[in-house]
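Visitor: What follows is coords09.tsv, made up of TSV, C-alpha atoms:
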chain	number	residue	atom	x	y	z
A	264	MET	CA	0.00	0.00	0.00
A	265	ALA	CA	2.85	2.38	0.81
A	266	LEU	CA	4.39	1.76	-2.62
A	267	LEU	CA	1.06	2.41	-4.33
A	268	GLU	CA	0.56	5.61	-2.35
A	269	SER	CA	4.06	6.76	-3.28
A	270	PHE	CA	3.32	6.11	-6.96
A	271	ASN	CA	0.01	7.94	-6.64
A	272	GLN	CA	1.67	11.01	-5.15
A	273	SER	CA	4.52	10.98	-7.66
A	274	LEU	CA	2.11	10.81	-10.59
A	275	PHE	CA	0.02	13.57	-9.01
A	276	LEU	CA	3.05	15.87	-8.83
A	277	LEU	CA	3.75	15.27	-12.53
A	278	ILE	CA	0.23	16.43	-13.45
A	279	ASN	CA	-0.48	19.04	-10.78
A	280	ALA	CA	-0.22	22.70	-11.81
A	281	THR	CA	2.25	25.00	-10.10
A	282	PRO	CA	2.43	28.78	-9.69
A	283	ALA	CA	4.60	28.74	-12.82
A	284	SER	CA	1.87	27.14	-14.94
A	285	ALA	CA	0.30	29.26	-17.68
A	286	PRO	CA	-2.69	31.23	-16.33
A	287	PHE	CA	-4.75	30.17	-19.36
A	288	SER	CA	-4.22	26.48	-18.58
A	289	ILE	CA	-5.45	27.01	-15.02
A	290	GLN	CA	-8.48	28.98	-16.26
A	291	LEU	CA	-9.32	26.28	-18.81
A	292	ALA	CA	-8.92	23.51	-16.24
A	293	THR	CA	-11.13	25.43	-13.80
A	294	PHE	CA	-13.88	25.72	-16.40
A	295	ILE	CA	-13.67	22.01	-17.21
A	296	ALA	CA	-13.51	20.91	-13.57
A	297	ARG	CA	-16.36	23.12	-12.39
A	298	ASP	CA	-18.70	23.76	-15.31
A	299	VAL	CA	-18.71	20.78	-17.69
A	300	MET	CA	-20.59	18.74	-15.10
A	301	ARG	CA	-23.45	21.26	-15.26
A	302	LEU	CA	-24.06	20.35	-18.92
A	303	LEU	CA	-24.96	16.74	-18.06
A	304	PRO	CA	-28.45	17.38	-16.63
A	305	VAL	CA	-29.13	19.76	-19.52
A	306	LEU	CA	-28.16	17.02	-22.00
A	307	LEU	CA	-30.30	14.36	-20.31
A	308	PHE	CA	-33.26	16.73	-19.96
A	309	ALA	CA	-33.07	17.72	-23.63
A	310	LEU	CA	-32.75	14.13	-24.82
A	311	TRP	CA	-35.78	13.08	-22.78
A	312	LEU	CA	-37.95	15.93	-24.07
A	313	TRP	CA	-36.82	16.14	-27.68
A	314	GLY	CA	-34.70	13.07	-28.41
A	315	ARG	CA	-35.82	9.70	-29.67
A	316	PRO	CA	-38.22	8.08	-27.18
A	317	ALA	CA	-36.17	4.89	-27.47
A	318	LEU	CA	-33.34	6.68	-25.64
A	319	ARG	CA	-35.40	7.24	-22.49
A	320	ASP	CA	-34.53	3.76	-21.32
A	321	THR	CA	-30.85	4.73	-21.38
A	322	ILE	CA	-31.48	8.08	-19.68
A	323	LEU	CA	-33.26	6.45	-16.75
A	324	LYS	CA	-30.71	3.65	-16.58
A	325	ALA	CA	-27.83	6.14	-16.49
A	326	LEU	CA	-29.46	8.16	-13.71
A	327	LEU	CA	-30.24	5.14	-11.52
A	328	PHE	CA	-26.88	3.43	-12.06
A	329	THR	CA	-25.02	6.67	-11.33
A	330	GLY	CA	-27.03	7.20	-8.15
A	331	ALA	CA	-26.16	3.70	-6.95
A	332	ALA	CA	-22.48	4.22	-7.74
A	333	LEU	CA	-22.40	7.52	-5.85
A	334	LEU	CA	-23.97	5.83	-2.83
A	335	GLY	CA	-21.19	3.26	-3.10
A	336	ASN	CA	-18.60	6.04	-3.16
A	337	TRP	CA	-20.06	7.50	0.02
A	338	LEU	CA	-19.78	4.13	1.75
A	339	ILE	CA	-16.17	3.72	0.57
A	340	GLY	CA	-15.40	7.17	1.96
A	341	LEU	CA	-16.82	6.17	5.33
A	342	VAL	CA	-14.75	2.98	5.48
A	343	TRP	CA	-11.57	4.41	3.97
A	344	PRO	CA	-11.50	8.23	4.05
A	345	HIS	CA	-8.49	8.88	1.82
A	346	PRO	CA	-7.40	12.54	2.12
A	347	ARG	CA	-7.31	14.96	-0.78
A	348	PRO	CA	-3.90	16.28	-1.89
A	349	PHE	CA	-4.28	19.60	-0.06
A	350	ALA	CA	-5.12	17.72	3.16
A	351	VAL	CA	-1.89	15.67	3.06
A	352	PRO	CA	-0.59	18.32	2.16
A	353	ILE	CA	1.11	17.88	-1.20
A	354	GLY	CA	1.31	19.95	-4.38
A	355	TYR	CA	-0.67	23.09	-5.17
A	356	THR	CA	-4.41	23.73	-5.09
A	357	PHE	CA	-6.16	26.08	-7.52
A	358	LEU	CA	-9.78	25.08	-6.88
A	359	ALA	CA	-11.60	25.57	-3.58
A	360	HIS	CA	-12.93	22.27	-2.22
A	361	ASP	CA	-14.04	20.81	1.09
A	362	ALA	CA	-11.71	18.25	2.66
A	363	THR	CA	-14.02	15.33	1.91
A	364	PRO	CA	-12.62	11.85	1.12
A	365	SER	CA	-11.00	11.82	-2.30
A	366	PHE	CA	-11.37	8.16	-3.29
A	367	PRO	CA	-13.08	7.41	-5.57
A	368	SER	CA	-13.85	10.66	-7.36
A	369	ASN	CA	-17.56	11.45	-7.60
A	370	HIS	CA	-17.00	13.50	-10.74
A	371	GLY	CA	-15.04	10.65	-12.29
A	372	THR	CA	-17.73	8.14	-11.29
A	373	ILE	CA	-20.54	10.20	-12.80
A	374	PHE	CA	-18.82	10.55	-16.17
A	375	ALA	CA	-17.57	6.95	-16.23
A	376	MET	CA	-20.99	5.51	-15.43
A	377	MET	CA	-22.76	7.80	-17.87
A	378	ALA	CA	-20.27	6.86	-20.58
A	379	LEU	CA	-20.76	3.14	-19.90
A	380	CYS	CA	-24.55	3.39	-20.01
A	381	TRP	CA	-24.51	5.33	-23.26
A	382	TRP	CA	-21.81	3.18	-24.82
A	383	PHE	CA	-24.06	0.13	-24.42
A	384	SER	CA	-27.07	1.86	-25.92
A	385	PRO	CA	-28.57	2.63	-29.35
A	386	ALA	CA	-26.75	6.00	-29.22
A	387	ARG	CA	-23.15	4.88	-28.71
A	388	GLY	CA	-21.83	8.23	-29.96
A	389	TRP	CA	-22.94	9.88	-26.71
A	390	GLY	CA	-20.82	7.31	-24.88
A	391	TRP	CA	-17.74	8.44	-26.78
A	392	LEU	CA	-18.51	12.09	-26.08
A	393	LEU	CA	-19.04	11.45	-22.37
A	394	ALA	CA	-15.83	9.43	-22.17
A	395	VAL	CA	-13.85	12.29	-23.72
A	396	ALA	CA	-15.53	14.83	-21.42
A	397	GLY	CA	-14.89	12.61	-18.41
A	398	THR	CA	-11.23	12.25	-19.29
A	399	ALA	CA	-10.92	16.03	-19.50
A	400	VAL	CA	-12.67	16.47	-16.15
A	401	ALA	CA	-10.44	13.85	-14.53
A	402	TRP	CA	-7.30	15.59	-15.80
A	403	SER	CA	-8.52	19.02	-14.73
A	404	ARG	CA	-9.29	17.99	-11.16
A	405	VAL	CA	-5.87	16.42	-10.73
A	406	PHE	CA	-4.22	19.38	-12.45
A	407	LEU	CA	-5.94	21.79	-10.06
A	408	GLY	CA	-4.94	19.78	-7.00
A	409	VAL	CA	-8.24	18.42	-5.64
A	410	HIS	CA	-7.76	14.76	-6.62
A	411	PHE	CA	-5.06	12.15	-7.01
A	412	PRO	CA	-4.77	10.20	-10.28
A	413	LEU	CA	-5.80	6.93	-8.61
A	414	ASP	CA	-9.01	8.61	-7.43
A	415	MET	CA	-9.97	8.75	-11.08
A	416	LEU	CA	-8.85	5.21	-11.85
A	417	GLY	CA	-10.82	4.07	-8.82
A	418	ALA	CA	-13.89	5.90	-10.13
A	419	LEU	CA	-13.63	4.01	-13.43
A	420	LEU	CA	-13.20	0.63	-11.75
A	421	VAL	CA	-16.05	1.27	-9.31
A	422	SER	CA	-18.29	2.29	-12.21
A	423	ILE	CA	-17.45	-0.86	-14.16
A	424	ALA	CA	-18.17	-3.00	-11.11
A	425	TRP	CA	-21.51	-1.31	-10.44
A	426	TYR	CA	-22.49	-1.50	-14.10
A	427	ALA	CA	-21.78	-5.24	-14.18
A	428	ALA	CA	-23.64	-5.81	-10.90
A	429	LEU	CA	-26.74	-3.81	-11.82
A	430	SER	CA	-27.12	-4.77	-15.47
A	431	PRO	CA	-28.89	-8.12	-14.84
A	432	ALA	CA	-31.51	-6.38	-12.69
A	433	TRP	CA	-31.97	-3.69	-15.33
A	434	ALA	CA	-32.44	-6.31	-18.04
A	435	ARG	CA	-35.29	-7.73	-15.97
A	436	TYR	CA	-36.97	-4.60	-14.61
A	437	GLY	CA	-35.69	-1.73	-16.76
A	438	ALA	CA	-38.48	-1.74	-19.32
A	439	ALA	CA	-41.13	-1.62	-16.61
A	440	LEU	CA	-39.38	1.23	-14.77
A	441	THR	CA	-39.04	3.21	-17.99
A	442	GLY	CA	-42.68	2.61	-18.79
A	443	MET	CA	-43.74	3.97	-15.40
A	444	ALA	CA	-41.47	7.01	-15.79
A	445	GLU	CA	-42.91	7.72	-19.25
A	446	LEU	CA	-46.47	7.35	-17.98
A	447	LEU	CA	-45.80	9.89	-15.21
A	448	TYR	CA	-44.11	12.22	-17.70
A	449	ARG	CA	-47.09	12.09	-20.09
A	450	ARG	CA	-49.54	12.80	-17.30
A	451	LEU	CA	-47.61	15.71	-15.83
A	452	LEU	CA	-46.77	17.31	-19.17
A	453	ALA	CA	-49.85	16.35	-21.18
A	454	LYS	CA	-50.53	19.90	-22.35
A	455	PRO	CA	-47.12	20.72	-23.91
A	456	ILE	CA	-47.07	17.22	-25.40
A	457	SER	CA	-50.47	17.76	-27.04
A	458	GLN	CA	-49.26	21.11	-28.39
A	459	GLY	CA	-46.26	19.43	-30.00
A	460	LEU	CA	-43.74	21.38	-27.93
A	461	ILE	CA	-42.10	18.22	-26.63
A	462	ARG	CA	-42.15	14.60	-27.73
A	463	ARG	CA	-44.71	12.18	-26.48
Take the structure in this file and express it as structure tokens.

Guide:
Amino acid sequence: MALLESFNQSLFLLINATPASAPFSIQLATFIARDVMRLLPVLLFALWLWGRPALRDTILKALLFTGAALLGNWLIGLVWPHPRPFAVPIGYTFLAHDATPSFPSNHGTIFAMMALCWWFSPARGWGWLLAVAGTAVAWSRVFLGVHFPLDMLGALLVSIAWYAALSPAWARYGAALTGMAELLYRRLLAKPISQGLIRR
């Protein structure tokens, strides 16, 4: 474990920004680390309302799987509260963050799980896009000093494990859950649907 932690810290120092780093790179990383995540709910909301109805199964699956994975992260943090770099302390920090457990990264988990769900869907292209965005977010949060590299690798592995564990249940109950969600959606938004403003 000590050797792995040493490797983790050494890799972190190779990626982490310093006061000598270009201001533009820090500004770009800050935008990616803080704001790209905010586009995810907008994307899912837009796809549900105006995308192909066949994709709603994937939208609901991605939301539920991600929620389960984040609950898992919380439990891991309770059992093994690995400190963030600035709590060690090591390196430089350019993004304000609470000293919550760093492993595995919630941001990394969200993007990894979303990418997995969309990769194994009728719209695989969204999976590629989310994987690229997630990689950028992972780099930015290490670069800015709020995560270690293995926090991001851990997020990917946790997401793969949760996806594999939950997929059999989704294959059995997913269609029914999606049907119930669509029924509720059509009842709550019957008027804009009838006016053609959003898809049925």

Visitor: Compare A:Phe411, A:Trp425, A:Phe406, A:Phe374 by their minimum atom-to-atom distance to Leu291 of chain A, counting only C-alpha atoms, and give me the closest one.

Guide: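 With only C-alpha atoms as the atom set, the closest residue is A:Phe406.
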
Visitor: Figure out the distance between atom CA of Thr329 of chain A and atom CA of Ala317 of chain A, please, to one decimal in Å.

Guide: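 Computing it gives 19.7 Å between the two atoms.
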
Visitor: Which polymer residues, whether protein, DNA or RNA, lie within 12 Å of the coordinate (-27.5, 7.5, -10.4) when you count all atoms listed in the file? List them as a PyMOL selection string, using the chain letters and numbers from the file.

Guide: chain A and resi 304+321-336+369+372-377+380+422+425-426+429

Visitor: Measuring between only C-alpha atoms, which one of A:Gly388, A:Pro316, A:Pro346, A:Pro367 shows the shortest distance to Ile461 of chain A?

Guide: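 Comparing A:Gly388, A:Pro316, A:Pro346, A:Pro367 against Ile461 of chain A, the winner is A:Pro316.
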
Visitor: Sort by chain and increasing residue number a table of all residues of segment 359-421 of chain A within 12 Å of segment 277-285 of chain A, each with its closest pair of atoms and their distance in Å to one decimal, counting all atoms listed in the file, and write it as a tab-separated table.

Guide:
residue	atom	partner	partner_atom	distance
A:Ala401	CA	A:Ile278	CA	11.0
A:Trp402	CA	A:Ile278	CA	7.9
A:Ser403	CA	A:Asn279	CA	9.0
A:Arg404	CA	A:Asn279	CA	8.9
A:Val405	CA	A:Asn279	CA	6.0
A:Phe406	CA	A:Asn279	CA	4.1
A:Leu407	CA	A:Ala280	CA	6.1
A:Gly408	CA	A:Asn279	CA	5.9
A:Val409	CA	A:Asn279	CA	9.3
A:His410	CA	A:Asn279	CA	9.4
A:Phe411	CA	A:Asn279	CA	9.1
A:Pro412	CA	A:Ile278	CA	8.6

Visitor: I need the residue nearest Val351 of chain A from this list: A:Ser365, A:His370, A:Val400, A:Val395. Use only C-alpha atoms for the distance.

Guide: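 Comparing A:Ser365, A:His370, A:Val400, A:Val395 against Val351 of chain A, the winner is A:Ser365.
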